[in-house]
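To start, the structure itself, in structure tokens.
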Amino acid sequence: MSNPVSLGIDLGTSELKAILMDLDGTVLAHAGVRLSVSRRHGGWSEQAPQDWWQACLQALEQLRCHEGFARVACIGLSGQMHGAVLLGDDNRVLYPAILWDDSRAIDEAEQLGPGFAVITGSLPMAGLTAPKLLWLQRHEPEVFKAIDCVLSPKDYLRLRLSGERISEMSDAAGTLWLDVAQREWFSPMVRATGLTPEQLPRLVEGGAGSAVVTATELGLPPGVVIAGGGGDNPVAAVGIGAINAGDAFITLGTSAALVAITDHAAGNPASAVHSFCHALPQRWYTMGAMLAGASCLRWVTRLTGTVDEQALLDQVQAQWPIERAVPLDAPLFLPYLAGERTPHNDPLLRGGFMNLGHDCTPAMLGYAVMEGVGFGLLDALHAVQSAGAPVGPCALVGGGARSEYWAQLLANILQREIFTLQGSELSACIGAAKLGFLAIGQGDELLRAGMPVKTRYTPDLAQQQVLEARYRKFQGLLVAAKALHGGL
């Protein structure tokens, strides 16, 4: 096909996005469909896979009117990681998909223990896929008995597109069932959760062809190839050009993470650092993950009754301009609204404000939240470095990257150059589209191209002393926060 187009689909938690992209890397059109999360019990987080498929159909319907749709030659998939989609032998969904921020399997994660962590790249945590299956075996035995296959979320879209049950290395690494260094299913951990390797999908690399579209209702040309794809963080890395050892980026979306690309599996399970497979062969990444990121700013915006996040940011800038250090005794915030992964591995940990007074304003709370997320990322940075992964300048992606104030604050806190990128809000879609091109043997140059830098932020050394003192105070609050759920 001359002038082929790649369709990049990113299944997020709150939105499914899709783009049409040509071989020059030009985004021809994009579409988005919002998704909602069901929380029918405390600590639970679920979605109906059927809703993902409907959102996918709606997004493609939005793109169909573009002339590039008729030139689609390949599809790349990206998606939220660690979710459990349970299929019967007829590919029927047996139970709502249990998502990455669901904490019901705390006891099961503890039961699995740290014995295989070096092989699987991570300590067992409630949010990862494997402990969820133990929970189902214990609490939903009839559902568990009917399971014929467990898929990750974006792989359910592949199933609906092609009829094939296939996953790839980066999403598989997030299940806790993969030997991360060898890039193959690790039978002892699979069996420890009551499953057999036959109940898991076949694996390919992210840029390999995995299947061909057979769904007829999409209006796509025949023979469209679906790439392996990948989890949202590694595919966003492909999108922004973080593909070589030494590249690093921070993602500041619903959750937050600091990701460093490596040429070998380099984890430190004791500090709850993940070592996962990249969406490209012979590459891995080391990640410090936070369960709440920019969602903390959304939360405090609602809490203070402020119109929107930008209005709150404007108030923060007016009260404490970014060029000035804040008072040492300003309020502090622990960003653990959904528990925490790196470095604490404690899903029961909760957030909080400290040092509030009668004079406290919404702006002071807004600042504390942004700084608290920054301090959480500093914890994650230290943990990633403890795994031996070098971290230099960091790209900043995700919704939080829209705030120049927050970007400069992160540069000050992390003592690193932070840079934002043009078009990074679509980085996972763009990365997926790039993997689509690889699956049809094209797009090598596109892979190396990365994204143009929008703005660079360098640390303000004049603020270093105050921020370091405030970080020590922040660290000192952890003991009290942990004590609050002790014995519950």
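Labels for the structure tokens follow display order: chains A, B, ..., residues from 1 in each chain, ligands from 1.
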Based on DSSP run over this structure's backbone, return all residues of stretch 277-445 of chain A in alpha helix (DSSP H), as a PDB file with N, CA and C atoms, in the first residue's frame.
ATOM      1  N   ALA A 294      -1.348  13.001  39.123  1.00  0.00           N
ATOM      2  CA  ALA A 294      -2.135  14.206  38.835  1.00  0.00           C
ATOM      3  C   ALA A 294      -3.561  14.077  39.371  1.00  0.00           C
ATOM      4  N   SER A 295      -4.001  12.848  39.641  1.00  0.00           N
ATOM      5  CA  SER A 295      -5.333  12.664  40.240  1.00  0.00           C
ATOM      6  C   SER A 295      -5.425  13.345  41.607  1.00  0.00           C
ATOM      7  N   CYS A 296      -4.286  13.513  42.302  1.00  0.00           N
ATOM      8  CA  CYS A 296      -4.287  14.238  43.589  1.00  0.00           C
ATOM      9  C   CYS A 296      -4.686  15.700  43.382  1.00  0.00           C
ATOM     10  N   LEU A 297      -4.227  16.295  42.276  1.00  0.00           N
ATOM     11  CA  LEU A 297      -4.572  17.698  42.005  1.00  0.00           C
ATOM     12  C   LEU A 297      -6.057  17.819  41.647  1.00  0.00           C
ATOM     13  N   ARG A 298      -6.571  16.836  40.880  1.00  0.00           N
ATOM     14  CA  ARG A 298      -8.022  16.822  40.581  1.00  0.00           C
ATOM     15  C   ARG A 298      -8.824  16.752  41.877  1.00  0.00           C
ATOM     16  N   TRP A 299      -8.359  15.895  42.783  1.00  0.00           N
ATOM     17  CA  TRP A 299      -9.046  15.668  44.060  1.00  0.00           C
ATOM     18  C   TRP A 299      -9.080  16.949  44.897  1.00  0.00           C
ATOM     19  N   VAL A 300      -7.945  17.627  45.043  1.00  0.00           N
ATOM     20  CA  VAL A 300      -7.904  18.829  45.896  1.00  0.00           C
ATOM     21  C   VAL A 300      -8.662  19.984  45.230  1.00  0.00           C
ATOM     22  N   THR A 301      -8.727  19.983  43.891  1.00  0.00           N
ATOM     23  CA  THR A 301      -9.527  20.996  43.183  1.00  0.00           C
ATOM     24  C   THR A 301     -11.000  20.836  43.551  1.00  0.00           C
ATOM     25  N   ARG A 302     -11.481  19.581  43.521  1.00  0.00           N
ATOM     26  CA  ARG A 302     -12.874  19.303  43.929  1.00  0.00           C
ATOM     27  C   ARG A 302     -13.086  19.655  45.399  1.00  0.00           C
ATOM     28  N   LEU A 303     -12.126  19.253  46.234  1.00  0.00           N
ATOM     29  CA  LEU A 303     -12.227  19.413  47.687  1.00  0.00           C
ATOM     30  C   LEU A 303     -12.371  20.885  48.068  1.00  0.00           C
ATOM     31  N   GLU A 309      -8.707  22.744  37.641  1.00  0.00           N
ATOM     32  CA  GLU A 309      -7.309  22.660  38.083  1.00  0.00           C
ATOM     33  C   GLU A 309      -6.512  23.899  37.693  1.00  0.00           C
ATOM     34  N   GLN A 310      -6.772  24.442  36.504  1.00  0.00           N
ATOM     35  CA  GLN A 310      -6.025  25.624  36.061  1.00  0.00           C
ATOM     36  C   GLN A 310      -6.283  26.812  36.987  1.00  0.00           C
ATOM     37  N   ALA A 311      -7.542  26.953  37.433  1.00  0.00           N
ATOM     38  CA  ALA A 311      -7.868  28.051  38.357  1.00  0.00           C
ATOM     39  C   ALA A 311      -7.098  27.895  39.665  1.00  0.00           C
ATOM     40  N   LEU A 312      -6.989  26.659  40.139  1.00  0.00           N
ATOM     41  CA  LEU A 312      -6.229  26.428  41.375  1.00  0.00           C
ATOM     42  C   LEU A 312      -4.737  26.714  41.154  1.00  0.00           C
ATOM     43  N   LEU A 313      -4.208  26.280  40.016  1.00  0.00           N
ATOM     44  CA  LEU A 313      -2.800  26.552  39.691  1.00  0.00           C
ATOM     45  C   LEU A 313      -2.540  28.055  39.631  1.00  0.00           C
ATOM     46  N   ASP A 314      -3.494  28.818  39.090  1.00  0.00           N
ATOM     47  CA  ASP A 314      -3.349  30.271  39.031  1.00  0.00           C
ATOM     48  C   ASP A 314      -3.282  30.866  40.438  1.00  0.00           C
ATOM     49  N   GLN A 315      -4.106  30.321  41.350  1.00  0.00           N
ATOM     50  CA  GLN A 315      -4.086  30.793  42.743  1.00  0.00           C
ATOM     51  C   GLN A 315      -2.746  30.468  43.411  1.00  0.00           C
ATOM     52  N   VAL A 316      -2.232  29.267  43.124  1.00  0.00           N
ATOM     53  CA  VAL A 316      -0.933  28.870  43.695  1.00  0.00           C
ATOM     54  C   VAL A 316       0.156  29.829  43.223  1.00  0.00           C
ATOM     55  N   GLN A 317       0.187  30.075  41.908  1.00  0.00           N
ATOM     56  CA  GLN A 317       1.205  30.962  41.329  1.00  0.00           C
ATOM     57  C   GLN A 317       1.101  32.377  41.918  1.00  0.00           C
ATOM     58  N   ALA A 318      -0.138  32.835  42.179  1.00  0.00           N
ATOM     59  CA  ALA A 318      -0.333  34.184  42.745  1.00  0.00           C
ATOM     60  C   ALA A 318       0.167  34.251  44.181  1.00  0.00           C
ATOM     61  N   GLN A 319      -0.091  33.163  44.967  1.00  0.00           N
ATOM     62  CA  GLN A 319       0.314  33.195  46.383  1.00  0.00           C
ATOM     63  C   GLN A 319       1.803  32.918  46.548  1.00  0.00           C
ATOM     64  N   PRO A 362      -6.890  27.601  49.783  1.00  0.00           N
ATOM     65  CA  PRO A 362      -6.866  26.576  48.729  1.00  0.00           C
ATOM     66  C   PRO A 362      -5.532  26.543  47.973  1.00  0.00           C
ATOM     67  N   ALA A 363      -4.943  27.727  47.750  1.00  0.00           N
ATOM     68  CA  ALA A 363      -3.657  27.779  47.038  1.00  0.00           C
ATOM     69  C   ALA A 363      -2.572  27.035  47.803  1.00  0.00           C
ATOM     70  N   MET A 364      -2.570  27.170  49.133  1.00  0.00           N
ATOM     71  CA  MET A 364      -1.554  26.480  49.945  1.00  0.00           C
ATOM     72  C   MET A 364      -1.741  24.963  49.862  1.00  0.00           C
ATOM     73  N   LEU A 365      -3.012  24.543  49.843  1.00  0.00           N
ATOM     74  CA  LEU A 365      -3.284  23.102  49.709  1.00  0.00           C
ATOM     75  C   LEU A 365      -2.868  22.614  48.318  1.00  0.00           C
ATOM     76  N   GLY A 366      -3.167  23.423  47.294  1.00  0.00           N
ATOM     77  CA  GLY A 366      -2.780  23.054  45.926  1.00  0.00           C
ATOM     78  C   GLY A 366      -1.275  22.904  45.796  1.00  0.00           C
ATOM     79  N   TYR A 367      -0.532  23.848  46.367  1.00  0.00           N
ATOM     80  CA  TYR A 367       0.931  23.744  46.321  1.00  0.00           C
ATOM     81  C   TYR A 367       1.393  22.482  47.037  1.00  0.00           C
ATOM     82  N   ALA A 368       0.846  22.248  48.250  1.00  0.00           N
ATOM     83  CA  ALA A 368       1.272  21.083  49.042  1.00  0.00           C
ATOM     84  C   ALA A 368       1.067  19.790  48.261  1.00  0.00           C
ATOM     85  N   VAL A 369      -0.039  19.722  47.526  1.00  0.00           N
ATOM     86  CA  VAL A 369      -0.329  18.515  46.744  1.00  0.00           C
ATOM     87  C   VAL A 369       0.712  18.327  45.645  1.00  0.00           C
ATOM     88  N   MET A 370       1.010  19.384  44.884  1.00  0.00           N
ATOM     89  CA  MET A 370       2.006  19.261  43.810  1.00  0.00           C
ATOM     90  C   MET A 370       3.377  18.903  44.369  1.00  0.00           C
ATOM     91  N   GLU A 371       3.739  19.533  45.479  1.00  0.00           N
ATOM     92  CA  GLU A 371       5.032  19.241  46.100  1.00  0.00           C
ATOM     93  C   GLU A 371       5.056  17.813  46.648  1.00  0.00           C
ATOM     94  N   GLY A 372       3.941  17.380  47.257  1.00  0.00           N
ATOM     95  CA  GLY A 372       3.879  16.029  47.823  1.00  0.00           C
ATOM     96  C   GLY A 372       4.039  14.958  46.759  1.00  0.00           C
ATOM     97  N   VAL A 373       3.397  15.165  45.593  1.00  0.00           N
ATOM     98  CA  VAL A 373       3.587  14.229  44.475  1.00  0.00           C
ATOM     99  C   VAL A 373       5.047  14.267  44.023  1.00  0.00           C
ATOM    100  N   GLY A 374       5.643  15.476  44.006  1.00  0.00           N
ATOM    101  CA  GLY A 374       7.066  15.597  43.659  1.00  0.00           C
ATOM    102  C   GLY A 374       7.963  14.846  44.636  1.00  0.00           C
ATOM    103  N   PHE A 375       7.646  14.937  45.927  1.00  0.00           N
ATOM    104  CA  PHE A 375       8.442  14.208  46.930  1.00  0.00           C
ATOM    105  C   PHE A 375       8.261  12.699  46.767  1.00  0.00           C
ATOM    106  N   GLY A 376       7.031  12.272  46.399  1.00  0.00           N
ATOM    107  CA  GLY A 376       6.814  10.843  46.121  1.00  0.00           C
ATOM    108  C   GLY A 376       7.662  10.387  44.944  1.00  0.00           C
ATOM    109  N   LEU A 377       7.775  11.245  43.919  1.00  0.00           N
ATOM    110  CA  LEU A 377       8.627  10.908  42.766  1.00  0.00           C
ATOM    111  C   LEU A 377      10.103  10.908  43.146  1.00  0.00           C
ATOM    112  N   LEU A 378      10.488  11.748  44.122  1.00  0.00           N
ATOM    113  CA  LEU A 378      11.881  11.725  44.602  1.00  0.00           C
ATOM    114  C   LEU A 378      12.161  10.403  45.322  1.00  0.00           C
ATOM    115  N   ASP A 379      11.189   9.922  46.107  1.00  0.00           N
ATOM    116  CA  ASP A 379      11.311   8.573  46.698  1.00  0.00           C
ATOM    117  C   ASP A 379      11.507   7.533  45.599  1.00  0.00           C
ATOM    118  N   ALA A 380      10.704   7.647  44.536  1.00  0.00           N
ATOM    119  CA  ALA A 380      10.784   6.692  43.422  1.00  0.00           C
ATOM    120  C   ALA A 380      12.139   6.791  42.718  1.00  0.00           C
ATOM    121  N   LEU A 381      12.647   8.019  42.542  1.00  0.00           N
ATOM    122  CA  LEU A 381      13.957   8.212  41.907  1.00  0.00           C
ATOM    123  C   LEU A 381      15.057   7.514  42.706  1.00  0.00           C
ATOM    124  N   HIS A 382      15.040   7.716  44.020  1.00  0.00           N
ATOM    125  CA  HIS A 382      16.058   7.066  44.860  1.00  0.00           C
ATOM    126  C   HIS A 382      15.972   5.548  44.747  1.00  0.00           C
ATOM    127  N   ALA A 383      14.751   5.028  44.685  1.00  0.00           N
ATOM    128  CA  ALA A 383      14.572   3.575  44.587  1.00  0.00           C
ATOM    129  C   ALA A 383      15.084   3.054  43.246  1.00  0.00           C
ATOM    130  N   VAL A 384      14.769   3.770  42.151  1.00  0.00           N
ATOM    131  CA  VAL A 384      15.242   3.369  40.815  1.00  0.00           C
ATOM    132  C   VAL A 384      16.767   3.393  40.763  1.00  0.00           C
ATOM    133  N   GLN A 385      17.365   4.421  41.357  1.00  0.00           N
ATOM    134  CA  GLN A 385      18.835   4.493  41.385  1.00  0.00           C
ATOM    135  C   GLN A 385      19.426   3.341  42.197  1.00  0.00           C
ATOM    136  N   SER A 386      18.699   2.903  43.236  1.00  0.00           N
ATOM    137  CA  SER A 386      19.202   1.788  44.062  1.00  0.00           C
ATOM    138  C   SER A 386      19.262   0.486  43.270  1.00  0.00           C
ATOM    139  N   GLU A 404       3.261  24.365  33.705  1.00  0.00           N
ATOM    140  CA  GLU A 404       4.652  24.811  33.737  1.00  0.00           C
ATOM    141  C   GLU A 404       5.139  24.940  35.179  1.00  0.00           C
ATOM    142  N   TYR A 405       4.258  25.350  36.064  1.00  0.00           N
ATOM    143  CA  TYR A 405       4.603  25.492  37.486  1.00  0.00           C
ATOM    144  C   TYR A 405       5.066  24.146  38.049  1.00  0.00           C
ATOM    145  N   TRP A 406       4.265  23.106  37.761  1.00  0.00           N
ATOM    146  CA  TRP A 406       4.573  21.775  38.300  1.00  0.00           C
ATOM    147  C   TRP A 406       5.875  21.237  37.700  1.00  0.00           C
ATOM    148  N   ALA A 407       6.081  21.487  36.404  1.00  0.00           N
ATOM    149  CA  ALA A 407       7.304  21.017  35.750  1.00  0.00           C
ATOM    150  C   ALA A 407       8.538  21.647  36.393  1.00  0.00           C
ATOM    151  N   GLN A 408       8.495  22.964  36.658  1.00  0.00           N
ATOM    152  CA  GLN A 408       9.627  23.629  37.300  1.00  0.00           C
ATOM    153  C   GLN A 408       9.816  23.135  38.726  1.00  0.00           C
ATOM    154  N   LEU A 409       8.695  22.922  39.435  1.00  0.00           N
ATOM    155  CA  LEU A 409       8.777  22.405  40.812  1.00  0.00           C
ATOM    156  C   LEU A 409       9.445  21.023  40.833  1.00  0.00           C
ATOM    157  N   LEU A 410       9.098  20.165  39.873  1.00  0.00           N
ATOM    158  CA  LEU A 410       9.722  18.836  39.790  1.00  0.00           C
ATOM    159  C   LEU A 410      11.216  18.950  39.502  1.00  0.00           C
ATOM    160  N   ALA A 411      11.601  19.876  38.624  1.00  0.00           N
ATOM    161  CA  ALA A 411      13.034  20.079  38.361  1.00  0.00           C
ATOM    162  C   ALA A 411      13.751  20.484  39.647  1.00  0.00           C
ATOM    163  N   ASN A 412      13.110  21.364  40.438  1.00  0.00           N
ATOM    164  CA  ASN A 412      13.713  21.818  41.695  1.00  0.00           C
ATOM    165  C   ASN A 412      13.820  20.679  42.709  1.00  0.00           C
ATOM    166  N   ILE A 413      12.769  19.863  42.802  1.00  0.00           N
ATOM    167  CA  ILE A 413      12.740  18.779  43.795  1.00  0.00           C
ATOM    168  C   ILE A 413      13.696  17.654  43.416  1.00  0.00           C
ATOM    169  N   LEU A 414      13.667  17.237  42.148  1.00  0.00           N
ATOM    170  CA  LEU A 414      14.452  16.078  41.700  1.00  0.00           C
ATOM    171  C   LEU A 414      15.897  16.451  41.372  1.00  0.00           C
ATOM    172  N   SER A 427       1.215  10.410  23.488  1.00  0.00           N
ATOM    173  CA  SER A 427       2.438   9.591  23.345  1.00  0.00           C
ATOM    174  C   SER A 427       2.151   8.092  23.276  1.00  0.00           C
ATOM    175  N   ALA A 428       1.191   7.586  24.065  1.00  0.00           N
ATOM    176  CA  ALA A 428       0.907   6.144  24.021  1.00  0.00           C
ATOM    177  C   ALA A 428       0.259   5.754  22.691  1.00  0.00           C
ATOM    178  N   CYS A 429      -0.635   6.609  22.165  1.00  0.00           N
ATOM    179  CA  CYS A 429      -1.226   6.348  20.843  1.00  0.00           C
ATOM    180  C   CYS A 429      -0.143   6.368  19.758  1.00  0.00           C
ATOM    181  N   ILE A 430       0.747   7.353  19.842  1.00  0.00           N
ATOM    182  CA  ILE A 430       1.806   7.483  18.837  1.00  0.00           C
ATOM    183  C   ILE A 430       2.759   6.294  18.917  1.00  0.00           C
ATOM    184  N   GLY A 431       3.114   5.887  20.155  1.00  0.00           N
ATOM    185  CA  GLY A 431       3.962   4.707  20.321  1.00  0.00           C
ATOM    186  C   GLY A 431       3.300   3.465  19.754  1.00  0.00           C
ATOM    187  N   ALA A 432       1.986   3.330  19.987  1.00  0.00           N
ATOM    188  CA  ALA A 432       1.244   2.180  19.450  1.00  0.00           C
ATOM    189  C   ALA A 432       1.270   2.201  17.919  1.00  0.00           C
ATOM    190  N   ALA A 433       1.066   3.381  17.339  1.00  0.00           N
ATOM    191  CA  ALA A 433       1.081   3.501  15.875  1.00  0.00           C
ATOM    192  C   ALA A 433       2.463   3.156  15.317  1.00  0.00           C
ATOM    193  N   LYS A 434       3.524   3.566  16.012  1.00  0.00           N
ATOM    194  CA  LYS A 434       4.885   3.219  15.582  1.00  0.00           C
ATOM    195  C   LYS A 434       5.087   1.704  15.583  1.00  0.00           C
ATOM    196  N   LEU A 435       4.601   1.036  16.663  1.00  0.00           N
ATOM    197  CA  LEU A 435       4.722  -0.423  16.724  1.00  0.00           C
ATOM    198  C   LEU A 435       3.928  -1.071  15.597  1.00  0.00           C
ATOM    199  N   GLY A 436       2.789  -0.460  15.238  1.00  0.00           N
ATOM    200  CA  GLY A 436       2.010  -0.952  14.100  1.00  0.00           C
ATOM    201  C   GLY A 436       2.840  -0.961  12.827  1.00  0.00           C
ATOM    202  N   PHE A 437       3.537   0.135  12.564  1.00  0.00           N
ATOM    203  CA  PHE A 437       4.393   0.196  11.366  1.00  0.00           C
ATOM    204  C   PHE A 437       5.497  -0.858  11.402  1.00  0.00           C
ATOM    205  N   LEU A 438       6.107  -1.066  12.595  1.00  0.00           N
ATOM    206  CA  LEU A 438       7.159  -2.087  12.694  1.00  0.00           C
ATOM    207  C   LEU A 438       6.619  -3.455  12.298  1.00  0.00           C
ATOM    208  N   ALA A 439       5.351  -3.713  12.640  1.00  0.00           N
ATOM    209  CA  ALA A 439       4.751  -5.023  12.369  1.00  0.00           C
ATOM    210  C   ALA A 439       4.580  -5.280  10.871  1.00  0.00           C
ATOM    211  N   ASP A 444      11.274   2.230  10.850  1.00  0.00           N
ATOM    212  CA  ASP A 444      12.486   2.228  11.683  1.00  0.00           C
ATOM    213  C   ASP A 444      12.962   3.645  12.007  1.00  0.00           C
ATOM    214  N   GLU A 445      12.932   4.514  10.998  1.00  0.00           N
ATOM    215  CA  GLU A 445      13.387   5.901  11.224  1.00  0.00           C
ATOM    216  C   GLU A 445      12.447   6.629  12.179  1.00  0.00           C
TER     217      GLU A 445
END
With DSSP run on the backbone, what are the strand (DSSP E) residues within stretch 266-402 of chain A? I'd like them as number ranges by chain.
A: 274-277, 284-290, 332-334, 352-354, 394-397
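Considering only C-alpha atoms, the residue among A:Ile440, A:Ala469, A:Leu461, A:Met451 positioned nearest to A:Leu332 is A:Ala469.
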Might you pull out every residue within 12 Å of A:Thr193, with only C-alpha atoms counted and same-chain residues fewer than 2 positions away left off, and present them as a ChimeraX atom specification?
/A:105,108-109,111-113,124,129-138,144,150,175-177,186-191,195-197,199
Keeping C-alpha atoms, export the residues of the selection given above as an mmCIF file, in the first residue's frame.
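This went into selection-v3.cif:
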data_model
loop_
_atom_site.group_PDB
_atom_site.id
_atom_site.type_symbol
_atom_site.label_atom_id
_atom_site.label_comp_id
_atom_site.auth_asym_id
_atom_site.auth_seq_id
_atom_site.Cartn_x
_atom_site.Cartn_y
_atom_site.Cartn_z
ATOM 1 C CA ALA A 105 -5.846 -9.014 46.878
ATOM 2 C CA GLU A 108 -3.034 -13.002 48.454
ATOM 3 C CA ALA A 109 -0.034 -10.846 47.460
ATOM 4 C CA GLN A 111 0.734 -15.198 50.550
ATOM 5 C CA LEU A 112 2.690 -15.363 47.276
ATOM 6 C CA GLY A 113 5.721 -13.903 49.071
ATOM 7 C CA PRO A 124 3.832 -9.498 44.587
ATOM 8 C CA THR A 129 -2.447 -9.477 38.004
ATOM 9 C CA ALA A 130 -1.324 -12.717 39.668
ATOM 10 C CA PRO A 131 -2.617 -12.065 43.227
ATOM 11 C CA LYS A 132 -6.049 -11.194 41.781
ATOM 12 C CA LEU A 133 -6.363 -14.747 40.481
ATOM 13 C CA LEU A 134 -5.630 -16.178 43.928
ATOM 14 C CA TRP A 135 -8.333 -13.877 45.303
ATOM 15 C CA LEU A 136 -10.795 -15.193 42.713
ATOM 16 C CA GLN A 137 -9.893 -18.792 43.489
ATOM 17 C CA ARG A 138 -10.673 -18.107 47.147
ATOM 18 C CA PHE A 144 -12.244 -19.362 38.747
ATOM 19 C CA VAL A 150 -6.565 -14.582 31.336
ATOM 20 C CA THR A 175 1.308 -9.801 35.437
ATOM 21 C CA LEU A 176 4.010 -11.316 37.736
ATOM 22 C CA TRP A 177 3.831 -14.515 35.640
ATOM 23 C CA PHE A 186 7.397 -18.603 34.375
ATOM 24 C CA SER A 187 5.497 -21.799 35.254
ATOM 25 C CA PRO A 188 6.191 -21.885 39.028
ATOM 26 C CA MET A 189 4.488 -18.512 39.563
ATOM 27 C CA VAL A 190 1.634 -19.382 37.183
ATOM 28 C CA ARG A 191 0.990 -22.589 39.146
ATOM 29 C CA LEU A 195 -3.421 -21.679 36.846
ATOM 30 C CA THR A 196 -1.505 -23.563 34.161
ATOM 31 C CA PRO A 197 0.554 -21.933 31.381
ATOM 32 C CA GLN A 199 -4.503 -20.635 30.403
#
With stretch 207-229 of chain A as the partner and 9 Å as the cut-off, tabulate the residues of stretch 113-171 of chain A that qualify, each row holding the nearest pair of atoms and their distance in Å to one decimal, using only C-alpha atoms, sorted by chain and rising number, as a Markdown table.
| residue | atom | partner | partner_atom | distance |
| --- | --- | --- | --- | --- |
| A:Lys154 | CA | A:Gly229 | CA | 8.5 |
| A:Asp155 | CA | A:Gly228 | CA | 8.9 |
| A:Arg158 | CA | A:Ile226 | CA | 7.6 |
| A:Arg160 | CA | A:Ala215 | CA | 7.0 |
| A:Leu161 | CA | A:Ala215 | CA | 5.2 |
| A:Ser162 | CA | A:Val213 | CA | 4.6 |
| A:Gly163 | CA | A:Thr214 | CA | 7.2 |
| A:Glu164 | CA | A:Ala211 | CA | 6.8 |
| A:Ile166 | CA | A:Ser210 | CA | 7.1 |
| A:Ser167 | CA | A:Gly228 | CA | 6.6 |
| A:Glu168 | CA | A:Gly228 | CA | 5.6 |
| A:Met169 | CA | A:Gly228 | CA | 8.6 |
| A:Ser170 | CA | A:Gly229 | CA | 8.4 |
| A:Asp171 | CA | A:Gly229 | CA | 8.8 |
Write out, as JSON lines, each residue of stretch 348-408 of chain A that has an atom at most 12 Å from stretch 37-47 of chain A, together with the closest pair of atoms and their distance in Å to one decimal, counting only C-alpha atoms, rows going by chain and rising number.
{"residue": "A:Leu348", "atom": "CA", "partner": "A:Gly43", "partner_atom": "CA", "distance": 9.0}
{"residue": "A:Leu349", "atom": "CA", "partner": "A:Gly43", "partner_atom": "CA", "distance": 11.7}
{"residue": "A:Arg350", "atom": "CA", "partner": "A:Gly43", "partner_atom": "CA", "distance": 11.7}
Store the residues picked out above, limited to C-alpha atoms, as a PDB file, in the first residue's frame.
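In the end it all went to again_31.pdb:
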ATOM      1  CA  LEU A 348      -3.488   0.509  52.825  1.00  0.00           C
ATOM      2  CA  LEU A 349      -1.358   3.643  53.237  1.00  0.00           C
ATOM      3  CA  ARG A 350      -3.474   6.785  52.951  1.00  0.00           C
TER       4      ARG A 350
END
